[in-house]
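Chemist: First the structure, which I've put down as structure tokens, then a few questions once you've had a look.
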Amino acid sequence: MSFAGSSNKYNQFTIDGANATDIFGLASSGTNGGQASLNPIPFDAIEQVQIVLAPYDVTLSGFTGGGVNAVTRSGTNEFHGSIYGFNQNQGLVGKSADTRTKYGTFHDNQYGARLGGAIIKNKLFFFVNYEGESRSQPPINLPGTSGSQIKDLTTLDQLSAFLKDASKHPGWSYDPGAYNGFNNEKKSNAIFARVDWNIDNKNKLTIRNSWVKGHNFIFSDGANSMSYYNNGYNFNSRTNSTVLELNSSISTKVSNMLRATYTSTKDARATPGALFPAVSISDNGATYAFGTEFSSQANSLDQRILTITDNVNLYAGKHTFTFGTDNQFYNSKNVFLQGLVGSYTYSNLQAFYADVQGIDSFANKYQTVYSTDPKNPKPVANVSAYQLGFYAQDAYSVLDNLNVTLGVRADIPVFSSKPTDNSAFNTSPIAIANGVATNKIPTTKVLISPRVGFNWDVFGDKKTQVRGGVGLFTGRVPFVWISNQYSNTGIGTISSTLTPAQIASNNVHFNPNAPFHPATGVGPAINLTDPNFKYVRTLRSNLAIDQRLPWGIIGTLEGIYTKTIEDILYKDINLAPSTTTINLGNTTRPWYNSNKVNAAYSNLYTLTNTTLGYSYNISLMLSKLFSNGWFASAAYSLGHSYGANDGGSSTAASQYRFAYNINGTNNLDEARNNYDLGSRVVVNIGKKFKYGHGRFYTNVGLVYIGQSGQPFSYVFFGDLNGDDGSTTAKASTSGGADLMYLPTDASQFAATKTFKINGVNQTFTAAQQFAAFQTYENSTSYLRSHIGQNTSRNGDRLPFEHHFDLKAGRRRSSLQTAYDLHHGDYLQLQQPAQQRLGPLLLPEQPGSAAAERRPFQHECQRHRYPHLVLQPGLRPEPVYQQALAVLRLPFPLEHAARRPLYILKYIA
């Protein structure tokens with residue numbers, strides 16, 4: 001969920017004003033329990049939802065995106081309650097959008113009950129809500145199904161039998177689990193309880209508790225890839241949050257609100273089957289995966305957050321003064337060891353079988369990480385921090401029709417724990433030159449946020465209202481970004497990625513009982529934070545007019561502008577500056593050759609700040625409430641947002657390596673970000689039908705939403721400019737952040753190129769390749785307009801989307817029917833098999849003629865278009881076997897090809 005074009009990680013979610021945000025920042029929903037797709041609070045406990053984008057009230061802070069507050073129900077003197085349920089199954093889902101096959105058997109049930117009332121009338125009240133969810137749905141693309149290209153199940157059975165048969169590999173036996181015939185399961189239970197006590201006429205005490213526990217099994221296959229069941233994982237999550245709030249009316253001139261919130265969240269991945277190395281095998285166009293998933297071999301997170309807030313209001317005539325403090329104390333314990341028991345990659349099945357049986361064969365990639373302390377095999381990254389907030393505000397009624405709010409807030413983030421001191425690195429010239437160290441954390445800074453807002457009833461008749469303001473807003477950064485420094489100091493754990501040569505020289509063979517542990521890391525990376533790093537901050541301003549128009553229509557026109565003051569940016573301070581360039585057509589890019597400033601270290605990922613970025617949003621809304629129960633509204637929004645790094649990942653390596661660019665990942669340009677809104681149209685028509693002398697009614701509503709498609713980028717797969725592993729001697733298949741150049745003629749292609757298509761080798765001339773590529777370039781208006789140019793980050797968009805939602809609900813009978821129609825152009829993205837990918841050629845000598853016409857080759861694939869090859873250059877030396885230009889989208893599309901066009905839900 002994005003607001004005003006900002007990252008969803010910059011939002012804040014509160015319940016009755018108490019923070020319920022996923023502070024660590026791993027959940028895409030931004031809420032506690034979100035990693036397991038759990039709701040933070042029962043659905044029916046919410047009475048209303050408030051959303052703020054530019055609140056000039058200085059008591060509100062902690063976000064530079066949007067603030068979402070759920071206001072919960074409470075007990076009253078009358079008992080009230082409900083029982084509810086939602087159900088969806090395969091009978092209510094349409095056929096697949098592409099294959100037209102029926103969706104597999106599944107169910108998604110949500111159910112609950114609530115009750116509220118008085119324990120002592122006018123004195124003591126209660127409210128409680130229970131909610132449960134049970135979901136079971138088939139994974140997409142399971143082998144043998146219409147969505148999978150893997151039809152040969154005999155190979156899968158043979159591989160499974162080989163792993164189980166201890167006679168083939170004495171000392172171990174492993175059951176990888178099934179490869180089809182199972183569902184992804186999700187279960188959760190949530191309880192929300194609240195007690196309100198009117199202590200006396202001047203004091204009211206509220207105690208709230210929210211408890212959520214559940215698990216969600218995560219498993220997915222691709223069109224050309226499959227996993228056995230035990231390669232999936234259960235995400236277990238439990239959150240318990242308690243809030244104590246005291247509201248006091250001390251006198252007619254003074255009131256006070258004191259709130260204390262304590263939240264405990266425990267998340268952990270649990271894997272089926274025994275702990276076993278992760279194995280990936282590519283063979284004959286298919287990829288097979290089994291063993292314990294790479295990132296789930298040791299993965300858990302415990303968080304504890306205490307928040308204390310106190311606001312004092314002083315009433316002095318036309319002035320309401322507010323003085324307050326908002327303080328958050330945070331501790332997290334994170335275990336994240338990818339490949340703890342090893343991860344092996346093989347180029348074919350025979351290589352794996354031979355390696356296991358002791359024949360002279362090796363994996364082509366091996367990864368592991370392990371603790372250097374035998375007594376502590378799973379070291380914990382322990383991060384403790386707190387943020388103090390102090391503020392003062394004056395809400396001033398200047399005139400009867402003009403209110404002005406002026407305030408200032410000071411936020412003081414402090415890190416109270418430090419990462420490990422790696423003295424060898426900290427005393428190195430590169431660390432000293434950049435002012436960084438593994439145990440240096442951001443210094444304490446006072447971040448001042450002044451704000452002013454106004455609300456003007458122009459003629460004093462409530463027909464024309466102008467409102468707006470301007471102010472600085474201090475947000476937060478997900479603590480996972482800071483925690484990376486605590487986990488990756490270069491000591492404590494050794495992380496290794498071995499190449500084929502290193503695997504052979506160390507005689508590393510597959511051994512699930514004793515994974516190979518190199519004495520020193522091969523390719524370790526250190527994570528650092530600039531000591532001058534600041535939390536995310538923005539300057540935001542808005543201006544709006546609300547106008548009562550003829551015929552009872554209410555119109556609203558609003559504009560919001562946001563300028564980045566500080567945002568995140570990642571740099572690899574160990575990447576040496578470029579000393580030469582490469583040419584693609586008539587364009588030039590720097591060539592880095594993966595040169596290091598200090599050869600003793602690999603990547604030194606450093607979190608710092610940038611001032612690049614801005615966004616604007618304009619919206620127009622018309623609404624009318626008719627006397628006969630009809631209601632109608634129509635709204636249009638236009639928004640665009642720009643920045644340098646979208647912060648879409650949780651690890652420093654991914655934040656740095658997948659920032660799409662032309663000039664290298666250390667030199668990012670300001671460009672459209674992943675959250676760019678584009679255009680959005682919302683039309684809402686509804687009618688309330690009353691009957692039974694007003695005791696019964698039925699609501700019928702139709703909502704149309706039309707919106708611009710998701711922005712995406714065209715990039716080369718692999719490292720094109722040598723900032724992520726490629727050198728003049730060898731290309732790297734890592735990364736994939738280099739934005740694509742579009743060729744202009746056949747001279748920029750290889751003279752001939754052979755591809756294996758449907759198992760048959762076919763050779764294409766340069767003219768044939770260019771002709772095929774022209775078909776691709778002419779497939780979208782964006783590509784047609786950029787031939788001979790570099791594409792830009794998020795320069796293109798998916799097709800415009802149209803969504804219809806028809807709902808009807810009847811009071812008393814509690815039966816509600818919803819009909820959702822989704823219409824759009826869905827893309828099916830498939831990873832081409834390795835042997836179908838062509839070579840990427842690198843310059844033999846930087847600065848040479850070859851370098852100036854740096855040959856490269858890629859394959860573009862968008863469904864229904866042929867294989868395409870681009871190679872401006874000299875001669876086809878097969879140096880690089882995985883060069884691919886693909887659509888890079890800022891969100892997963894694994895469900896796109898199976899997304900139902902029609903969804904029908906019955907709500908009882």
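Chain identifiers are assigned as A, B, and so on, following the order in which chains appear in the structure tokens; residues are numbered from 1 within each chain, and ligands are numbered from 1 in order of appearance.
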Write out as a PDB file with N, CA and C atoms, in the first residue's frame each polymer residue whose atoms come within 9 Å of Thr345 (chain A), counting only C-alpha atoms; drop sequence neighbours fewer than 2 positions from it.
Modeler:
```
ATOM      1  N   ALA A 278      20.326 -27.022   0.619  1.00  0.00           N
ATOM      2  CA  ALA A 278      19.512 -26.611  -0.530  1.00  0.00           C
ATOM      3  C   ALA A 278      20.244 -27.007  -1.804  1.00  0.00           C
ATOM      4  N   VAL A 279      19.519 -27.632  -2.722  1.00  0.00           N
ATOM      5  CA  VAL A 279      20.121 -28.104  -3.971  1.00  0.00           C
ATOM      6  C   VAL A 279      19.274 -27.611  -5.140  1.00  0.00           C
ATOM      7  N   SER A 280      19.941 -27.070  -6.148  1.00  0.00           N
ATOM      8  CA  SER A 280      19.280 -26.625  -7.372  1.00  0.00           C
ATOM      9  C   SER A 280      20.011 -27.248  -8.554  1.00  0.00           C
ATOM     10  N   ILE A 281      19.240 -27.931  -9.434  1.00  0.00           N
ATOM     11  CA  ILE A 281      19.825 -28.624 -10.581  1.00  0.00           C
ATOM     12  C   ILE A 281      19.106 -28.169 -11.847  1.00  0.00           C
ATOM     13  N   SER A 282      19.858 -27.665 -12.805  1.00  0.00           N
ATOM     14  CA  SER A 282      19.295 -27.293 -14.106  1.00  0.00           C
ATOM     15  C   SER A 282      19.625 -28.387 -15.100  1.00  0.00           C
ATOM     16  N   SER A 343      24.511 -24.876   0.308  1.00  0.00           N
ATOM     17  CA  SER A 343      23.650 -24.731  -0.864  1.00  0.00           C
ATOM     18  C   SER A 343      24.486 -25.080  -2.091  1.00  0.00           C
ATOM     19  N   SER A 347      24.821 -28.119 -12.895  1.00  0.00           N
ATOM     20  CA  SER A 347      24.437 -27.780 -14.268  1.00  0.00           C
ATOM     21  C   SER A 347      23.609 -28.867 -14.929  1.00  0.00           C
ATOM     22  N   PHE A 352      25.082 -34.109 -10.513  1.00  0.00           N
ATOM     23  CA  PHE A 352      24.695 -34.313  -9.109  1.00  0.00           C
ATOM     24  C   PHE A 352      24.831 -35.780  -8.723  1.00  0.00           C
ATOM     25  N   ALA A 363      29.844 -29.592  -8.040  1.00  0.00           N
ATOM     26  CA  ALA A 363      28.835 -28.559  -8.264  1.00  0.00           C
ATOM     27  C   ALA A 363      29.501 -27.387  -8.978  1.00  0.00           C
ATOM     28  N   ASN A 364      28.704 -26.555  -9.625  1.00  0.00           N
ATOM     29  CA  ASN A 364      29.285 -25.352 -10.242  1.00  0.00           C
ATOM     30  C   ASN A 364      29.101 -24.112  -9.380  1.00  0.00           C
ATOM     31  N   LYS A 365      28.481 -24.284  -8.188  1.00  0.00           N
ATOM     32  CA  LYS A 365      28.381 -23.189  -7.231  1.00  0.00           C
ATOM     33  C   LYS A 365      28.099 -23.774  -5.853  1.00  0.00           C
ATOM     34  N   TYR A 366      28.769 -23.216  -4.850  1.00  0.00           N
ATOM     35  CA  TYR A 366      28.543 -23.662  -3.474  1.00  0.00           C
ATOM     36  C   TYR A 366      28.502 -22.429  -2.576  1.00  0.00           C
ATOM     37  N   GLN A 367      27.493 -22.368  -1.730  1.00  0.00           N
ATOM     38  CA  GLN A 367      27.338 -21.246  -0.806  1.00  0.00           C
ATOM     39  C   GLN A 367      27.105 -21.765   0.601  1.00  0.00           C
TER      40      GLN A 367
END
```
Chemist: Show me a table, sorted first by chain and then by increasing residue number, of the residues of region 516-552 of chain A having an atom at most 12 Å from region 329-342 of chain A, each with its shortest atom pair and the distance in Å to one decimal, counting only C-alpha atoms and written as a Markdown table.
Modeler:
```
| residue | atom | partner | partner_atom | distance |
| --- | --- | --- | --- | --- |
| A:Phe516 | CA | A:Gly342 | CA | 7.6 |
| A:His517 | CA | A:Gly342 | CA | 9.0 |
| A:Pro518 | CA | A:Gly342 | CA | 11.6 |
```
Chemist: Write out the residues from the selection above, keeping C-alpha atoms, as a short mmCIF file (atom, residue, chain, number, x, y, z; two decimals), in the first residue's frame.
Modeler:
```
data_model
loop_
_atom_site.label_atom_id
_atom_site.label_comp_id
_atom_site.auth_asym_id
_atom_site.auth_seq_id
_atom_site.Cartn_x
_atom_site.Cartn_y
_atom_site.Cartn_z
CA PHE A 516 32.29 -27.65 3.82
CA HIS A 517 33.37 -24.66 5.92
CA PRO A 518 36.17 -22.59 4.37
#
```
Chemist: Between CA of Ser602 (chain A) and CA of Lys534 (chain A), what is the distance, to one decimal in Å?
Modeler: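 Result for CA of Ser602 (chain A) versus CA of Lys534 (chain A): 26.0 Å, one decimal.
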Chemist: For the contact check between region 349-436 of chain A and region 50-65 of chain A, emit one row per residue of region 349-436 of chain A within 8 Å, containing the shortest atom pair and the distance in Å rounded to one decimal, counting only C-alpha atoms, chain then rising number order, as CSV.
Modeler:
```
residue,atom,partner,partner_atom,distance
A:Tyr391,CA,A:Val58,CA,6.5
A:Ala392,CA,A:Val58,CA,7.4
A:Gln393,CA,A:Val58,CA,6.9
A:Thr405,CA,A:Tyr56,CA,7.1
A:Leu406,CA,A:Tyr56,CA,7.8
A:Gly407,CA,A:Val58,CA,6.0
A:Val408,CA,A:Val58,CA,6.4
A:Arg409,CA,A:Val58,CA,6.0
```
Chemist: Now that the selection is made, can you save its residues with C-alpha atoms as a PDB file, in the first residue's frame?
Modeler:
```
ATOM      1  CA  TYR A 391       6.692  18.812  20.524  1.00  0.00           C
ATOM      2  CA  ALA A 392       4.729  21.986  21.088  1.00  0.00           C
ATOM      3  CA  GLN A 393       1.742  23.277  19.136  1.00  0.00           C
ATOM      4  CA  THR A 405      -2.173  25.334  13.524  1.00  0.00           C
ATOM      5  CA  LEU A 406       1.497  26.052  14.180  1.00  0.00           C
ATOM      6  CA  GLY A 407       3.842  23.561  15.763  1.00  0.00           C
ATOM      7  CA  VAL A 408       7.334  22.210  15.962  1.00  0.00           C
ATOM      8  CA  ARG A 409       8.546  18.728  16.744  1.00  0.00           C
TER       9      ARG A 409
END
```
